[in-house]
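Chemist: Before I ask anything, here is the structure I am working with.
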Amino acid sequence: MIRVGLTGGIGAGKSTVAKTFIERGAYHVDADSIAREVVAPGTPGLARLAQAFGPEILAADGSLDRPALAAKAFVDEESRTLLNSITHPLIGQRTQELTDAAPDDAIILHDVPLLVEGHMAPFYHLVVVVHTDAQVRLSRLVELRGMDPDDARQRIGAQATDEQRRRVADVWLDNSGTPDRLASAARQVWEDRLTPFRDNVADRTPVPAPLELVDHDPDWEALGERVVNRLWALVGQRAQRIDHIGSTAVPGLAAVPVIDVQIGVADPAAADDLIETLADGGFPPVSSAAAGERFHSSADPGRPVNVYVRSADGADVRFALDFRDWLIADESARAEYLAVKKAALAGANDDPVSYAVAKKPFLDRALARITQGLTES
């Protein structure tokens, strides 16, 4: 199975995307429904809210008066933190129960309005963000839902910014058009990305990476951060360090558009221990690997990634970091490496192994130059 997080600002149009995915077989776990369930009349959650915010948040029939709670819980950061400290653990527990009940081959859709605010993005195979400009969302909330304008502005302001959502988004769906247009885009995501991703994880099939040089993409930094955070969520304390390495980690350098990441572990046995964890998490093992390391690649057709699992105190880990930092600091080294990559690519005939072999003499010389520089400093 794979877990997909769906989020977006209040009024962005997540329900259209959720409906489209559900119609195609997604196993739906709705955070809003769960949030209502855990504070229903008679639940410990509702009792804790009343104790924290006062009995006036209860309606005459004993249920939660949501506008009354909002008037108290969204006034400042301290109040929001108190609300979240009560509801988030309850929602998390119930979410896990529903997730555990999903079929083994499911595409699990977690519809989570506060996914970004709750720092939950790394725990999903993929995050889909539905975006609509704040002013449009405000109009929808007031005109279509009958929400008080000040209340709507307050809720929008209390949520994550567009930039914060962009940093975690693997898929960014723009809902500035019609609902039909959004549904069409969602169908394409389902067919071209989610279904193949799920099948690749099940079959332990890595996606071939493109072998072409492209100009540096400023989004590579955020993408590398997402992959690193995803890997930390998967392996936790079994890793000693996880780093974005390679050309995509070097600002301004053209690169093959593949995010290279290395995981530093205690020893080869620890690397073996991660094989199934990484495969289940979307990074199946690749048969070819250098001695003393394990090599994984992404099963996501929309996000090429190479993951090298190495002994943290080994020379390969240190060289990957030093080489990255050297390229960042030395413009002439970047230009020299770019020329080497272009020549290697021209003679590789679309063969990644040939491309890697052609670059090796330069990497060997770079190791000597970096070592000499470190010695002199």
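Simple scheme: letters A, B, ... for chains in structure tokens order, numbers from 1 for residues in each chain, numbers from 1 for ligands in the order shown.
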What are the DSSP helix (DSSP H, G or I) residues of stretch 76-306 of chain A, as a PyMOL selection string?
Modeler: chain A and resi 77-100+121-123+134-143+149-158+162-168+179-203+219-238+247-249+268-273+275-280
Chemist: Output the selection as a short mmCIF file (atom, residue, chain, number, x, y, z; two decimals), in the first residue's frame - C-alpha atoms for each residue.
Modeler:
data_model
loop_
_atom_site.label_atom_id
_atom_site.label_comp_id
_atom_site.auth_asym_id
_atom_site.auth_seq_id
_atom_site.Cartn_x
_atom_site.Cartn_y
_atom_site.Cartn_z
CA GLU A 77 -1.12 30.79 19.30
CA GLU A 78 -1.37 29.61 22.91
CA SER A 79 -5.05 28.73 22.51
CA ARG A 80 -4.43 26.92 19.20
CA THR A 81 -1.61 24.95 20.80
CA LEU A 82 -3.89 23.92 23.66
CA LEU A 83 -6.60 22.81 21.23
CA ASN A 84 -4.12 20.80 19.17
CA SER A 85 -2.61 19.16 22.25
CA ILE A 86 -6.03 17.73 23.07
CA THR A 87 -7.35 16.77 19.64
CA HIS A 88 -4.24 15.75 17.66
CA PRO A 89 -3.33 12.65 19.73
CA LEU A 90 -6.93 11.44 19.60
CA ILE A 91 -7.14 12.02 15.85
CA GLY A 92 -3.78 10.32 15.33
CA GLN A 93 -4.81 7.23 17.25
CA ARG A 94 -8.09 6.85 15.36
CA THR A 95 -6.36 7.54 12.04
CA GLN A 96 -3.88 4.75 12.72
CA GLU A 97 -6.70 2.33 13.57
CA LEU A 98 -8.43 3.04 10.26
CA THR A 99 -5.16 2.85 8.33
CA ASP A 100 -4.32 -0.53 9.84
CA ALA A 121 4.22 15.38 5.44
CA PRO A 122 7.24 13.06 5.91
CA PHE A 123 4.97 10.22 7.00
CA ALA A 134 -6.56 33.21 -0.20
CA GLN A 135 -8.94 35.88 -1.50
CA VAL A 136 -10.84 33.30 -3.56
CA ARG A 137 -11.05 30.99 -0.55
CA LEU A 138 -12.36 33.86 1.56
CA SER A 139 -15.12 34.54 -0.97
CA ARG A 140 -16.09 30.86 -1.06
CA LEU A 141 -16.26 30.60 2.72
CA VAL A 142 -18.42 33.71 3.03
CA GLU A 143 -20.64 33.33 -0.02
CA PRO A 149 -15.94 37.26 7.09
CA ASP A 150 -13.83 37.98 10.17
CA ASP A 151 -14.04 34.35 11.27
CA ALA A 152 -13.04 33.20 7.78
CA ARG A 153 -10.06 35.54 7.68
CA GLN A 154 -8.99 34.37 11.12
CA ARG A 155 -9.10 30.73 10.09
CA ILE A 156 -7.21 31.35 6.87
CA GLY A 157 -4.59 33.34 8.77
CA ALA A 158 -4.16 30.57 11.34
CA ASP A 162 1.31 28.96 0.49
CA GLU A 163 5.11 28.80 0.69
CA GLN A 164 4.96 26.32 3.58
CA ARG A 165 2.61 24.11 1.60
CA ARG A 166 4.80 24.30 -1.51
CA ARG A 167 7.79 22.99 0.41
CA VAL A 168 5.99 19.73 1.23
CA PRO A 179 -14.36 21.98 -10.48
CA ASP A 180 -14.36 19.88 -13.67
CA ARG A 181 -10.88 21.09 -14.53
CA LEU A 182 -9.64 20.23 -11.04
CA ALA A 183 -11.25 16.78 -11.21
CA SER A 184 -9.58 16.16 -14.58
CA ALA A 185 -6.17 17.07 -13.13
CA ALA A 186 -6.81 14.77 -10.17
CA ARG A 187 -7.72 11.88 -12.48
CA GLN A 188 -4.44 12.34 -14.31
CA VAL A 189 -2.52 12.25 -11.03
CA TRP A 190 -4.31 9.03 -10.08
CA GLU A 191 -3.62 7.32 -13.39
CA ASP A 192 -0.11 8.58 -14.12
CA ARG A 193 1.38 8.68 -10.66
CA LEU A 194 -0.54 7.14 -7.78
CA THR A 195 -1.50 3.82 -9.37
CA PRO A 196 1.97 3.18 -10.86
CA PHE A 197 3.57 4.21 -7.58
CA ARG A 198 1.43 1.74 -5.63
CA ASP A 199 2.18 -1.05 -8.11
CA ASN A 200 5.90 -0.30 -8.10
CA VAL A 201 6.03 -0.46 -4.30
CA ALA A 202 4.18 -3.78 -4.34
CA ASP A 203 6.47 -5.24 -7.02
CA ASP A 219 13.09 23.49 -6.39
CA TRP A 220 15.74 20.78 -6.00
CA GLU A 221 16.69 22.16 -2.60
CA ALA A 222 13.14 21.77 -1.27
CA LEU A 223 12.77 18.39 -2.97
CA GLY A 224 15.99 17.18 -1.39
CA GLU A 225 14.73 18.36 1.98
CA ARG A 226 11.46 16.44 1.48
CA VAL A 227 13.30 13.24 0.59
CA VAL A 228 15.65 13.58 3.57
CA ASN A 229 12.70 14.17 5.92
CA ARG A 230 10.83 11.23 4.39
CA LEU A 231 13.80 8.95 4.96
CA TRP A 232 14.19 10.10 8.57
CA ALA A 233 10.50 9.28 9.11
CA LEU A 234 11.07 5.81 7.68
CA VAL A 235 14.30 4.76 9.36
CA GLY A 236 14.45 6.92 12.48
CA GLN A 237 17.27 6.16 14.90
CA ARG A 238 18.64 3.38 12.73
CA SER A 247 24.81 17.75 -8.22
CA THR A 248 21.21 18.59 -7.34
CA ALA A 249 22.51 19.73 -3.94
CA PRO A 268 26.61 -3.16 6.65
CA ALA A 269 24.30 -5.18 8.87
CA ALA A 270 22.40 -2.01 9.70
CA ALA A 271 22.14 -1.26 5.98
CA ASP A 272 20.64 -4.72 5.40
CA ASP A 273 18.17 -4.07 8.19
CA ILE A 275 16.10 -2.94 2.95
CA GLU A 276 12.44 -3.81 3.53
CA THR A 277 11.69 -0.61 5.43
CA LEU A 278 12.92 1.49 2.53
CA ALA A 279 11.16 -0.71 -0.03
CA ASP A 280 7.82 -0.40 1.79
#
Chemist: Would you please extract all strand (DSSP E) residues from stretch 283-360 of chain A, as assigned by DSSP on the backbone, and give them as an NGL selection string?
Modeler: :A and (293-297 or 305-311)
Chemist: Excluding same-chain residues fewer than 3 positions from A:Ile57, what lies within 8 Å of it counting only C-alpha atoms, as a VMD selection string?
Modeler: chain A and resid 50 53 to 54 64 to 66 68 to 69
Chemist: Filtering to N, CA, C and O atoms, could you give me those residues as a short mmCIF file (atom, residue, chain, number, x, y, z; two decimals), in the first residue's frame?
Modeler:
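Dumped to out_35.cif:
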data_model
loop_
_atom_site.label_atom_id
_atom_site.label_comp_id
_atom_site.auth_asym_id
_atom_site.auth_seq_id
_atom_site.Cartn_x
_atom_site.Cartn_y
_atom_site.Cartn_z
N ALA A 50 -14.05 20.82 27.08
CA ALA A 50 -14.89 21.62 27.97
C ALA A 50 -14.11 22.05 29.21
O ALA A 50 -14.28 23.18 29.71
N PHE A 53 -11.57 24.87 27.78
CA PHE A 53 -12.08 26.11 27.21
C PHE A 53 -13.38 26.60 27.86
O PHE A 53 -13.88 27.67 27.52
N GLY A 54 -13.90 25.79 28.78
CA GLY A 54 -15.10 26.23 29.49
C GLY A 54 -16.36 25.56 28.98
O GLY A 54 -16.45 25.19 27.80
N LEU A 64 -20.70 19.55 20.85
CA LEU A 64 -19.74 20.64 20.72
C LEU A 64 -20.32 21.77 19.88
O LEU A 64 -20.80 21.55 18.77
N ASP A 65 -20.28 22.97 20.43
CA ASP A 65 -20.66 24.17 19.68
C ASP A 65 -19.39 24.67 19.00
O ASP A 65 -18.57 25.38 19.60
N ARG A 66 -19.20 24.31 17.74
CA ARG A 66 -17.94 24.59 17.04
C ARG A 66 -17.66 26.09 16.89
O ARG A 66 -16.52 26.51 17.07
N ALA A 68 -18.49 28.40 18.93
CA ALA A 68 -18.09 28.87 20.25
C ALA A 68 -16.66 28.44 20.57
O ALA A 68 -15.88 29.20 21.15
N LEU A 69 -16.31 27.22 20.17
CA LEU A 69 -14.94 26.75 20.39
C LEU A 69 -13.97 27.57 19.53
O LEU A 69 -12.91 27.99 20.01
#
Chemist: Which residues are close to A:Gly25, i.e. within 9 Å by only C-alpha atoms, leaving aside same-chain residues fewer than 3 positions away? Reply as a list of chain:residue names.
Modeler: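 Once the nearby chain positions are removed, what remains is A:Phe21, A:Ile22, A:His28, A:Ala106, A:Ile107.
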Chemist: Would you pick out the contacts of A:Arg310 at 7 Å or less, using only C-alpha atoms, so that residues sharing its chain but fewer than 3 positions from it are not included, and give the list as a list in words?
Modeler: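 The residues satisfying every condition are Ile263, Gly264, Val265, Ala271, Gly292, Glu293, Arg294 and Val317 of chain A.
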Chemist: Pull N, CA, C and O atoms from the residues just selected and write them as a JSON list (two decimals), in the first residue's frame.
Modeler:
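Saved result, out13.json, follows:
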[["chain", "number", "residue", "atom", "x", "y", "z"],
["A", 263, "ILE", "N", 22.35, 7.70, 3.30],
["A", 263, "ILE", "CA", 22.01, 7.39, 4.68],
["A", 263, "ILE", "C", 23.25, 6.78, 5.32],
["A", 263, "ILE", "O", 23.77, 5.77, 4.84],
["A", 264, "GLY", "N", 23.73, 7.40, 6.38],
["A", 264, "GLY", "CA", 24.86, 6.85, 7.11],
["A", 264, "GLY", "C", 24.39, 5.98, 8.25],
["A", 264, "GLY", "O", 23.60, 6.42, 9.10],
["A", 265, "VAL", "N", 24.83, 4.72, 8.27],
["A", 265, "VAL", "CA", 24.42, 3.76, 9.30],
["A", 265, "VAL", "C", 25.64, 3.21, 10.00],
["A", 265, "VAL", "O", 26.78, 3.47, 9.62],
["A", 271, "ALA", "N", 22.64, -1.56, 7.32],
["A", 271, "ALA", "CA", 22.14, -1.26, 5.98],
["A", 271, "ALA", "C", 21.18, -2.35, 5.51],
["A", 271, "ALA", "O", 20.13, -2.07, 4.93],
["A", 292, "GLY", "N", 30.17, -2.75, 0.19],
["A", 292, "GLY", "CA", 30.05, -2.07, 1.46],
["A", 292, "GLY", "C", 28.88, -1.11, 1.56],
["A", 292, "GLY", "O", 28.74, -0.42, 2.57],
["A", 293, "GLU", "N", 28.03, -1.02, 0.53],
["A", 293, "GLU", "CA", 26.88, -0.13, 0.60],
["A", 293, "GLU", "C", 25.66, -0.81, -0.02],
["A", 293, "GLU", "O", 25.77, -1.82, -0.71],
["A", 294, "ARG", "N", 24.50, -0.25, 0.26],
["A", 294, "ARG", "CA", 23.26, -0.71, -0.35],
["A", 294, "ARG", "C", 22.69, 0.45, -1.16],
["A", 294, "ARG", "O", 22.77, 1.61, -0.74],
["A", 317, "VAL", "N", 31.05, 8.20, 2.55],
["A", 317, "VAL", "CA", 30.18, 9.21, 3.14],
["A", 317, "VAL", "C", 30.90, 10.54, 3.24],
["A", 317, "VAL", "O", 30.36, 11.60, 2.86]]
Chemist: Neighbours of A:Gly246 within 12 Å (only C-alpha atoms; same-chain residues fewer than 5 positions away dropped), as a PyMOL selection string?
Modeler: chain A and resi 220-221+224+251+253-262+305-308+317+319-328+334+337+363
